[in-house]
Amino acid sequence: MEVASNMMKATPWQTGEICGTDSAKALTKADVLKRDLKKCKKPLLIVGSETRTEKYGKGTMLDYIIELSNAGNIPVIATGGVIKDFLEKGFENAKSVGAMEMAYFLQDPEWKGPHGTGPYDMIYTYGIPYFMQWTLLSSVMNFAPEITPIAIGRHFQPHAKWSCPNLKEKNWHVLLKELVTLVGGGST
Amino acid sequence: MFQPNTLRIGTEQAMKKKVHFKAEEADTGLGRFKGLEVRIGEIVDDEWDESMGPTPMPGPTTLRSWDHKILTKYQPSYMPYCQVCCLCTMGKCDLTGTKRGACGINMKAQQGRIVLAAANIGTAAHLAHSRHLIDHLIDEYGPRTKLIQGPGTEIHAPISRLVTGMRPRTLEDASIIVDYCESQLAHGLSATATGQEGSWLDFESKVFHIGMIDHLALEIADLAQVSTLDMPQADPDAPLVEAGIGNMDPNKATILTIGHNIIPAAAITDYITEKRLGEMVEVGGICCTAWDITRRDPTAKVIGPISWQLRFIRAGMADLVVVDEQCVRTNVVEEAQKVLAPVISTSDKAVMGLPDRSDDPVDSIVEELVTRKIPGAYITDHKKVGEIAVKVALAMKPIRAKKKFLPSKKKIQKMAETCKKCMECVRACPNDQNVQEAVLAAATGNMEPLREIYNNCIGCARCESACPNEYDLHSWMVVAGEQDCANETYMVRTGRGAIQDTEIRKVGQPIVFGEIPGVIAHVGCANYPGGGQDVHDMAEEFAKRRFIIVTSGCAAMSAGIVKDENGESIYQRRSGDFDAGSVVNVGSCVANSHIAGATIKIAAIFAKRNLRGNYAEIADYIYNRVGAVGISWGAMSQKAVAIAAGFWRLGIPVIVGPHGSKYRRMLLGRADKERDWMVYDARTGERMLTAPGPEHLFYAAETVAEANVLTAKLCIRPNDTGKGRSIKLSHYVDLHETNYGFFPEDIWKYIRRDADIPITLKDKILGQMKDNRWKERPTPDPTLLKEQIHGGGQ
Ligand code: SF4
Ligand code: SF4
Ligand code: SF4
């Protein structure tokens with residue numbers, strides 16, 4: 001897949017946000033997630049306030065998250081008040097928890113979550129302000145080793161296991177579509 | 001070295017004997033503290049009607065068991081900002097996950113250590129400020145100068161009483177308290193050395209200790225300046241002063257002061273007054289110096305918060321820049337040079353590379369600055385600063401008057417055409433502003449997107465540092481926002497200082513019973529995620545709900561620099577009394593101590609608890625009864641950590657904006673774990689379940705919506721009466737429904753008995769209670785401390 005020419009290297013989106021010895025693998029094709037998807041049985045989608053503002057197709061990323069959640073039957077945690085937008089769309093599989101609360105609760109290997117379907121072994125993160133997602137994923141990386149974190153936003157999050165390497169919007173949208181197919185049990 | 005426990009013995013002996021304490025009366029262990037003991041003798045105060053509590057001048061571990069109580073309820077949630085440690089030469093060590101460093105430290109302890117380092121740094125900044133003020137004021141006015149907090153403040157210096165057992169009456173007493181603070185800071189800092197503390201819990205307990213010391217240093221600093229420098233003294237009617245860039249008079253020579261320490265700025269306004277030069281020169285302040293100069297001289301002006309330094313300098317409006325200490329842009333000299341404005345640095349903490357001219361004659365310094373032989377001068381003699389600053393500004397005014405420092409819109413348009421579309425500016429921006437898009441729009445002549453960024457920008461200039469074309473992007477934003485800049489004309493109430501005992505007497509009961517639903521303090525820096533208006537909006541939201549709103553520092557400015565439809569600021573619309581629906585600006589950062597002080601005074605006045613050396617009991621009281629919440633929406637500095645830590649130890653929750661997640665640890669409760677919410681009933685000693693309130697102690701909110709919902713919820717306290725609880729719940733429900741779009745699912749947890757149910761929400765809540773098999777429970781006389789159980793918990 002083509003990535004923006006000056007962004008080939010998977011470097012953090014905010015240039016100063018360098019972390020440590022471990023860094024996420026570049027997620028450019030949904031296929032690379034197959035093994036993890038097979039291994040992990042309990043995924044959770046954690047999405048933040050930017051879900052309502054970032055465009056996707058004719059709508060916003062809210063529409064995409066709903067599509068993804070439905071395809072894989074993945075419960076959604078909405079942070080920062082974006083729950084309101086999900087409810088307005090009549091989507092019922094979302095619950096409201098704060099991003100910083102999530103960073104804490106996920107450290108508890110027995111946390112069942114407001115859907116009662118945990119503990120989770122995989123999280124997809126999206127739409128929480130870059131640096132906040134960065135810190136949330138850092139807590140997961142260091143203190144919740146049993147969770148496989150996948151950042152599905154366009155911008156590289158080094159603390160995830162998999163993250164998009166600052167993809168061009170067009171290519172990112174292709175990846176997002178592949179992901180819907182993949183979590184729905186199809187092949188990309 | 002100052003030894004708190006030894007001192008305690010000394011102080012008690014002296015008080016019992018009602019004589020001045022003398023070194024030769026001490027046991028041998030005291031011999032080391034001779035100089036101190038002589039002074040302690042002078043503060044012996046036989047008018048106390050309170051006996052000394054158990055912990056005067058606590059050492060680093062004296063209050064450890066109180067801290068542990070709080071820290072087991074609100075455990076740190078660490079989010080390492082960096083996976084490695086590079087603090088000693090055995091490193092760098094990779095601490096990721098379960099790895100340990102060469103010294104044996106693990107990731108959790110390392111995070112605690114970094115938080116402690118931040119608290120130490122912040123406290124050092126406040127404490128050195130306090131020390132400078134005290135020493136300077138003693139030199140100026142003498143050691144026996146009285147400390148006066150203002151009318152109606154019999155409980156004078158509540159933090160000092162609580163922590164030290166002392167009632168500082170003179171500058172010399174204040175100096176003793178600063179001695180104590182300095183000793184504690186040395187201990188706190190030493191704990192971060194390689195091979196010292198190793199447990200996260202002990203690091204965190206020390207964070208609390210240093211936070212408490214920070215509050216003490218703040219209280220002493222403000223008390224000293226309020227007592228000596230003609231500032232409002234606990235005055236709810238402190239004057240309204242002009243604020244905003246648009247209020248600066250372009251026809252006068254302009255002196256920009258930046259920082260926190262009023263002494264040099266006061267010398268400038270004094271000189272202007274003395275020489276009657278007010279028609280020709282004016283002084284504006286950025287950051288806390290702005291509050292303190294206007295507290296002293298209401299004709300001075302508040303320009304704006306810390307984030308406006310660069311825009312004001314770049315706009316070329318300052319004929320001279322005078323910096324004191326803290327929050328000063330560190331390349332201020334380079335920036336000022338670009339607009340031909342000389343800089344005077346005045347503090348040994350921020351010399352800024354300038355030549356020391358302290359001992360030179362005034363006229364020769366003025367000449368060198370005006371002819372630009374030197375870009376600025378470091379001058380420690382404040383009186384000289386006053387004279388030189390005014391003379392230089394007056395001389396620079398005509399030289400600079402005809403110069404234009406900002407590029408024209410046309411020039412910007414032309415330059416923008418060569419933008420490389422590399423996105424480096426966007427990737428550098430902490431607030432993810434789409435600078436590239438705005439630059440491309442400017443290339444077509446549309447300045448609107450740059451103007452929008454101007455309004456959301458924290459003025460860091462990281463975008464332009466990153467730009468390969470070396471565009472002065474921040475200056476472009478200032479050009480695009482020129483009109484907004486000119487329209488920035490507001491009236492804001494300057495800092496009043498302490499809260500009067502009489503005000504506390506009036507609101508103590510409704511606060512403790514929960515009928516005034518909360519005291520919300522907007523404090524701290526201007527690292528906002530999207531402009532300062534958010535602070536105003538949050539303050540207004542809760543003021544109209546009849547919470548008491550307190551403000552300080554840059555947040556107090558941001559709250560005030562928004563006009564309503566009548567052109568009025570929040571301070572014009574609302575009273576400065578400490579009362580429901582009011583917006584009370586206490587002043588600069590050092591005045592944050594009055595916010596903590598007000599909560600402490602509630603315990604003393606309403607509940608008649610002794611304060612002297614009685615920290616744990618009072619913190620326990622505040623934690624269980626006083627629905628106060630601190631918000632620092634733009635928290636940026638280590639000082640903000642220190643201030644927050646002082647509140648944490650008092651059991652007061654703090655919310656920060658999203659950038660606050662970079663403090664890398666939250667203190668969070670688990671509402672789903674009942675055992676975390678047990679308290680003792682002081683009447684019976686029984687352990688009883690309470691609601692999870694306050695739910696968290698330190699939390700970075702992602703959005704204003706989240707902050708508003710959480711603020712209402714964090715005001716809940718175990719001691720609320722039925723009426724109080726139902727009022728608090730109504731606000732929580734209303735804000736939750738408005739911001740989240742649904743009825744909160746956890747209301748049933750906060751209902752103890754029928755009286756707690758807000759009448760208009762009864763049906764919904766009863767349904768929820770039924771679904772969750774709710775059981776009635778009595779309201780305890782809540783305490784976390786066994787020793788508070790009547791009869792001593794035996
Ligand atoms: S100066 Fe403003 S736009 Fe530029 S990086 Fe800083 S916050 Fe962003
Ligand atoms: S960094 Fe400079 S050249 Fe690159 S996109 Fe931004 S404005 Fe254009
Ligand atoms: S992190 Fe803070 S102290 Fe460090 S360079 Fe940036 S602004 Fe300055």
# chains A, B, ... in the order shown; residues from 1 in each chain; ligands from 1
$ select_by_dssp --residues "range 11-172 of chain A" --states "alpha helix (DSSP H)" --output "ChimeraX atom specification"
/A:34-39,61-72,83-88,99-105,130-143,169-172
$ interface_residues --of "chain A" --to "chain B" --cutoff "9 Å" --atoms "only C-alpha atoms" --output "number ranges by chain"
A: 6, 12-22, 48-49, 79-85, 87-88, 96, 98-101, 103-105, 107, 128-132, 134-145
$ residues_near_ligand --ligand "ligand 3" --cutoff "10 Å" --atoms "only C-alpha atoms and all ligand atoms" --output "list in words"
Gly16 of chain A; Cys327, Arg329, Thr330, Cys460, Arg462, Met636, Ser637, Gln638 and Lys662 of chain B
$ write_last_selection --atoms "all heavy atoms" --output "PDB file, in the first residue's frame"
ATOM      1  N   GLY A  16       7.551  15.195  18.450  1.00  0.00           N
ATOM      2  CA  GLY A  16       8.303  15.088  19.703  1.00  0.00           C
ATOM      3  C   GLY A  16       7.923  13.869  20.528  1.00  0.00           C
ATOM      4  O   GLY A  16       8.592  13.550  21.511  1.00  0.00           O
TER       5      GLY A  16
ATOM      6  N   CYS B 327       7.559  31.054  34.365  1.00  0.00           N
ATOM      7  CA  CYS B 327       6.689  31.100  33.171  1.00  0.00           C
ATOM      8  C   CYS B 327       7.121  32.144  32.138  1.00  0.00           C
ATOM      9  O   CYS B 327       6.333  32.535  31.286  1.00  0.00           O
ATOM     10  CB  CYS B 327       5.228  31.321  33.538  1.00  0.00           C
ATOM     11  SG  CYS B 327       4.553  30.031  34.582  1.00  0.00           S
ATOM     12  N   ARG B 329       8.989  33.256  28.844  1.00  0.00           N
ATOM     13  CA  ARG B 329       9.474  32.604  27.625  1.00  0.00           C
ATOM     14  C   ARG B 329      10.998  32.702  27.613  1.00  0.00           C
ATOM     15  O   ARG B 329      11.567  33.788  27.721  1.00  0.00           O
ATOM     16  CB  ARG B 329       8.866  33.280  26.402  1.00  0.00           C
ATOM     17  CG  ARG B 329       8.995  32.395  25.209  1.00  0.00           C
ATOM     18  CD  ARG B 329       8.248  32.745  23.994  1.00  0.00           C
ATOM     19  NE  ARG B 329       8.839  31.947  22.935  1.00  0.00           N
ATOM     20  CZ  ARG B 329       8.413  30.751  22.567  1.00  0.00           C
ATOM     21  NH1 ARG B 329       7.351  30.230  23.119  1.00  0.00           N
ATOM     22  NH2 ARG B 329       9.041  30.079  21.624  1.00  0.00           N
ATOM     23  N   THR B 330      11.655  31.549  27.457  1.00  0.00           N
ATOM     24  CA  THR B 330      13.093  31.540  27.722  1.00  0.00           C
ATOM     25  C   THR B 330      13.913  32.189  26.603  1.00  0.00           C
ATOM     26  O   THR B 330      15.078  32.500  26.817  1.00  0.00           O
ATOM     27  CB  THR B 330      13.595  30.106  28.003  1.00  0.00           C
ATOM     28  OG1 THR B 330      13.140  29.277  26.945  1.00  0.00           O
ATOM     29  CG2 THR B 330      13.070  29.590  29.318  1.00  0.00           C
ATOM     30  N   CYS B 460       3.039  28.769  21.330  1.00  0.00           N
ATOM     31  CA  CYS B 460       4.299  28.085  21.624  1.00  0.00           C
ATOM     32  C   CYS B 460       5.318  28.240  20.503  1.00  0.00           C
ATOM     33  O   CYS B 460       6.512  28.043  20.716  1.00  0.00           O
ATOM     34  CB  CYS B 460       4.048  26.607  21.905  1.00  0.00           C
ATOM     35  SG  CYS B 460       3.527  25.684  20.451  1.00  0.00           S
ATOM     36  N   ARG B 462       5.956  26.289  18.161  1.00  0.00           N
ATOM     37  CA  ARG B 462       6.580  25.047  17.693  1.00  0.00           C
ATOM     38  C   ARG B 462       6.377  24.875  16.199  1.00  0.00           C
ATOM     39  O   ARG B 462       7.225  24.326  15.504  1.00  0.00           O
ATOM     40  CB  ARG B 462       6.004  23.846  18.452  1.00  0.00           C
ATOM     41  CG  ARG B 462       6.839  23.506  19.656  1.00  0.00           C
ATOM     42  CD  ARG B 462       6.309  22.470  20.589  1.00  0.00           C
ATOM     43  NE  ARG B 462       5.518  21.392  20.059  1.00  0.00           N
ATOM     44  CZ  ARG B 462       5.049  20.389  20.820  1.00  0.00           C
ATOM     45  NH1 ARG B 462       5.327  20.351  22.117  1.00  0.00           N
ATOM     46  NH2 ARG B 462       4.307  19.437  20.317  1.00  0.00           N
ATOM     47  N   MET B 636       0.090  23.260  32.895  1.00  0.00           N
ATOM     48  CA  MET B 636       1.268  23.063  32.065  1.00  0.00           C
ATOM     49  C   MET B 636       2.487  22.754  32.922  1.00  0.00           C
ATOM     50  O   MET B 636       3.257  21.864  32.632  1.00  0.00           O
ATOM     51  CB  MET B 636       1.469  24.349  31.240  1.00  0.00           C
ATOM     52  CG  MET B 636       2.775  24.578  30.555  1.00  0.00           C
ATOM     53  SD  MET B 636       4.128  25.135  31.593  1.00  0.00           S
ATOM     54  CE  MET B 636       3.725  26.815  31.997  1.00  0.00           C
ATOM     55  N   SER B 637       2.629  23.472  34.029  1.00  0.00           N
ATOM     56  CA  SER B 637       3.931  23.524  34.695  1.00  0.00           C
ATOM     57  C   SER B 637       4.070  22.494  35.805  1.00  0.00           C
ATOM     58  O   SER B 637       3.110  21.844  36.209  1.00  0.00           O
ATOM     59  CB  SER B 637       4.101  24.914  35.305  1.00  0.00           C
ATOM     60  OG  SER B 637       3.094  25.108  36.281  1.00  0.00           O
ATOM     61  N   GLN B 638       5.305  22.391  36.281  1.00  0.00           N
ATOM     62  CA  GLN B 638       5.554  21.591  37.485  1.00  0.00           C
ATOM     63  C   GLN B 638       4.894  22.264  38.686  1.00  0.00           C
ATOM     64  O   GLN B 638       4.502  21.607  39.645  1.00  0.00           O
ATOM     65  CB  GLN B 638       7.056  21.467  37.742  1.00  0.00           C
ATOM     66  CG  GLN B 638       7.829  20.780  36.632  1.00  0.00           C
ATOM     67  CD  GLN B 638       8.314  21.770  35.571  1.00  0.00           C
ATOM     68  OE1 GLN B 638       8.190  22.973  35.723  1.00  0.00           O
ATOM     69  NE2 GLN B 638       8.872  21.249  34.489  1.00  0.00           N
ATOM     70  N   LYS B 662      -0.404  14.274  30.260  1.00  0.00           N
ATOM     71  CA  LYS B 662       1.053  14.144  30.159  1.00  0.00           C
ATOM     72  C   LYS B 662       1.747  14.271  31.515  1.00  0.00           C
ATOM     73  O   LYS B 662       2.956  14.125  31.588  1.00  0.00           O
ATOM     74  CB  LYS B 662       1.602  15.196  29.186  1.00  0.00           C
ATOM     75  CG  LYS B 662       1.098  15.007  27.769  1.00  0.00           C
ATOM     76  CD  LYS B 662       1.627  16.097  26.860  1.00  0.00           C
ATOM     77  CE  LYS B 662       0.595  16.554  25.876  1.00  0.00           C
ATOM     78  NZ  LYS B 662       0.961  17.804  25.212  1.00  0.00           N
TER      79      LYS B 662
END
$ residues_around --residues "range 288-298 of chain B" --least-positions-apart "6" --cutoff "8 Å" --atoms "only C-alpha atoms" --output "ChimeraX atom specification"
/B:229-232,238-241,257-262,265-266,269,304,494-496,553-554,587-589
$ closest_atom_pairs --of "chain B" --to "ligand 1" --cutoff "12 Å" --atoms "only C-alpha atoms and all ligand atoms" --output "tab-separated table"
residue	atom	partner	partner_atom_place_in_ligand_line	distance
B:Ser307	CA	ligand 1	7 (S)	9.1
B:Trp308	CA	ligand 1	1 (S)	10.3
B:Gln309	CA	ligand 1	1 (S)	11.2
B:Leu310	CA	ligand 1	1 (S)	8.9
B:Arg311	CA	ligand 1	1 (S)	9.4
B:Met423	CA	ligand 1	5 (S)	11.6
B:Glu424	CA	ligand 1	5 (S)	9.8
B:Cys425	CA	ligand 1	5 (S)	6.6
B:Val426	CA	ligand 1	5 (S)	7.1
B:Arg427	CA	ligand 1	5 (S)	8.4
B:Ala428	CA	ligand 1	5 (S)	5.7
B:Cys429	CA	ligand 1	5 (S)	3.5
B:Pro430	CA	ligand 1	8 (Fe)	5.8
B:Asn431	CA	ligand 1	8 (Fe)	5.6
B:Asp432	CA	ligand 1	8 (Fe)	6.6
B:Gln433	CA	ligand 1	8 (Fe)	5.5
B:Asn434	CA	ligand 1	3 (S)	7.7
B:Val435	CA	ligand 1	3 (S)	6.2
B:Gln436	CA	ligand 1	3 (S)	9.8
B:Glu437	CA	ligand 1	3 (S)	11.5
B:Ala438	CA	ligand 1	3 (S)	9.9
B:Val439	CA	ligand 1	3 (S)	11.0
B:Pro449	CA	ligand 1	3 (S)	11.0
B:Leu450	CA	ligand 1	3 (S)	8.7
B:Arg451	CA	ligand 1	3 (S)	10.4
B:Glu452	CA	ligand 1	3 (S)	9.9
B:Ile453	CA	ligand 1	3 (S)	6.1
B:Tyr454	CA	ligand 1	2 (Fe)	6.9
B:Asn455	CA	ligand 1	2 (Fe)	8.9
B:Asn456	CA	ligand 1	7 (S)	7.1
B:Cys457	CA	ligand 1	2 (Fe)	3.8
B:Ile458	CA	ligand 1	7 (S)	4.4
B:Gly459	CA	ligand 1	1 (S)	4.1
B:Cys460	CA	ligand 1	6 (Fe)	3.9
B:Ala461	CA	ligand 1	1 (S)	3.6
B:Arg462	CA	ligand 1	5 (S)	4.3
B:Cys463	CA	ligand 1	5 (S)	3.9
B:Glu464	CA	ligand 1	4 (Fe)	6.5
B:Ser465	CA	ligand 1	5 (S)	8.5
B:Ala466	CA	ligand 1	5 (S)	8.7
B:Cys467	CA	ligand 1	4 (Fe)	10.2
B:Tyr471	CA	ligand 1	4 (Fe)	11.1
B:Asp472	CA	ligand 1	4 (Fe)	9.7
B:Leu473	CA	ligand 1	4 (Fe)	6.9
B:His474	CA	ligand 1	1 (S)	5.4
B:Ser475	CA	ligand 1	1 (S)	9.1
B:Trp476	CA	ligand 1	4 (Fe)	10.2
B:Met477	CA	ligand 1	3 (S)	8.1
B:Val478	CA	ligand 1	1 (S)	10.2
B:Ala526	CA	ligand 1	7 (S)	11.1
B:Asn527	CA	ligand 1	7 (S)	8.9
B:Tyr528	CA	ligand 1	7 (S)	9.2
B:Pro529	CA	ligand 1	7 (S)	8.7
B:Gly530	CA	ligand 1	7 (S)	9.1
B:Gly531	CA	ligand 1	7 (S)	9.6
$ decode --residues "range 752-776 of chain B" --atoms "N, CA, C and O atoms" --output "short mmCIF file (atom, residue, chain, number, x, y, z; two decimals), in the first residue's frame"
data_model
loop_
_atom_site.label_atom_id
_atom_site.label_comp_id
_atom_site.auth_asym_id
_atom_site.auth_seq_id
_atom_site.Cartn_x
_atom_site.Cartn_y
_atom_site.Cartn_z
N ARG B 752 -28.86 7.20 49.66
CA ARG B 752 -28.75 6.48 50.92
C ARG B 752 -30.13 6.21 51.50
O ARG B 752 -30.39 5.18 52.10
N ARG B 753 -31.00 7.21 51.33
CA ARG B 753 -32.39 7.07 51.79
C ARG B 753 -33.24 7.99 50.93
O ARG B 753 -32.70 8.79 50.13
N ASP B 754 -34.56 7.91 51.10
CA ASP B 754 -35.47 8.64 50.22
C ASP B 754 -35.14 10.12 50.07
O ASP B 754 -35.27 10.70 49.00
N ALA B 755 -34.73 10.71 51.20
CA ALA B 755 -34.49 12.16 51.19
C ALA B 755 -33.43 12.58 50.19
O ALA B 755 -33.33 13.75 49.81
N ASP B 756 -32.61 11.63 49.75
CA ASP B 756 -31.53 11.96 48.81
C ASP B 756 -32.05 12.08 47.37
O ASP B 756 -31.32 12.53 46.49
N ILE B 757 -33.27 11.65 47.14
CA ILE B 757 -33.75 11.59 45.75
C ILE B 757 -34.30 12.95 45.31
O ILE B 757 -35.21 13.48 45.95
N PRO B 758 -33.75 13.52 44.25
CA PRO B 758 -34.32 14.78 43.75
C PRO B 758 -35.77 14.53 43.33
O PRO B 758 -36.04 13.60 42.56
N ILE B 759 -36.66 15.36 43.83
CA ILE B 759 -38.10 15.10 43.71
C ILE B 759 -38.53 14.97 42.25
O ILE B 759 -39.29 14.07 41.90
N THR B 760 -37.99 15.83 41.39
CA THR B 760 -38.45 15.81 39.99
C THR B 760 -37.95 14.59 39.22
O THR B 760 -38.39 14.33 38.12
N LEU B 761 -37.00 13.89 39.80
CA LEU B 761 -36.43 12.74 39.07
C LEU B 761 -36.83 11.42 39.71
O LEU B 761 -36.28 10.37 39.42
N LYS B 762 -37.79 11.53 40.64
CA LYS B 762 -38.11 10.40 41.50
C LYS B 762 -38.39 9.11 40.72
O LYS B 762 -37.82 8.05 41.03
N ASP B 763 -39.24 9.20 39.71
CA ASP B 763 -39.67 7.97 39.03
C ASP B 763 -38.49 7.24 38.41
O ASP B 763 -38.31 6.04 38.59
N LYS B 764 -37.69 8.01 37.69
CA LYS B 764 -36.54 7.39 37.02
C LYS B 764 -35.60 6.75 38.04
O LYS B 764 -35.11 5.65 37.85
N ILE B 765 -35.38 7.49 39.12
CA ILE B 765 -34.40 6.99 40.09
C ILE B 765 -34.93 5.77 40.83
O ILE B 765 -34.22 4.79 41.05
N LEU B 766 -36.21 5.81 41.17
CA LEU B 766 -36.79 4.65 41.86
C LEU B 766 -36.66 3.40 41.00
O LEU B 766 -36.34 2.32 41.50
N GLY B 767 -36.89 3.57 39.71
CA GLY B 767 -36.75 2.45 38.78
C GLY B 767 -35.33 1.90 38.80
O GLY B 767 -35.11 0.69 38.92
N GLN B 768 -34.40 2.82 38.76
CA GLN B 768 -32.99 2.41 38.76
C GLN B 768 -32.62 1.71 40.08
O GLN B 768 -31.90 0.71 40.09
N MET B 769 -33.18 2.22 41.18
CA MET B 769 -32.88 1.63 42.48
C MET B 769 -33.40 0.19 42.54
O MET B 769 -32.74 -0.71 43.05
N LYS B 770 -34.59 0.04 41.98
CA LYS B 770 -35.20 -1.29 42.00
C LYS B 770 -34.37 -2.27 41.15
O LYS B 770 -34.03 -3.38 41.59
N ASP B 771 -34.00 -1.80 39.97
CA ASP B 771 -33.22 -2.66 39.07
C ASP B 771 -31.91 -3.11 39.71
O ASP B 771 -31.38 -4.16 39.40
N ASN B 772 -31.38 -2.27 40.57
CA ASN B 772 -30.08 -2.59 41.15
C ASN B 772 -30.17 -3.12 42.58
O ASN B 772 -29.17 -3.19 43.29
N ARG B 773 -31.36 -3.48 42.96
CA ARG B 773 -31.62 -4.05 44.31
C ARG B 773 -31.01 -3.16 45.40
O ARG B 773 -30.27 -3.60 46.27
N TRP B 774 -31.37 -1.91 45.29
CA TRP B 774 -30.87 -0.91 46.23
C TRP B 774 -31.36 -1.18 47.64
O TRP B 774 -32.47 -1.63 47.84
N LYS B 775 -30.50 -0.93 48.62
CA LYS B 775 -30.93 -1.05 50.03
C LYS B 775 -30.65 0.27 50.75
O LYS B 775 -29.61 0.89 50.51
N GLU B 776 -31.57 0.65 51.61
CA GLU B 776 -31.35 1.89 52.37
C GLU B 776 -30.14 1.73 53.29
O GLU B 776 -29.86 0.65 53.78
#
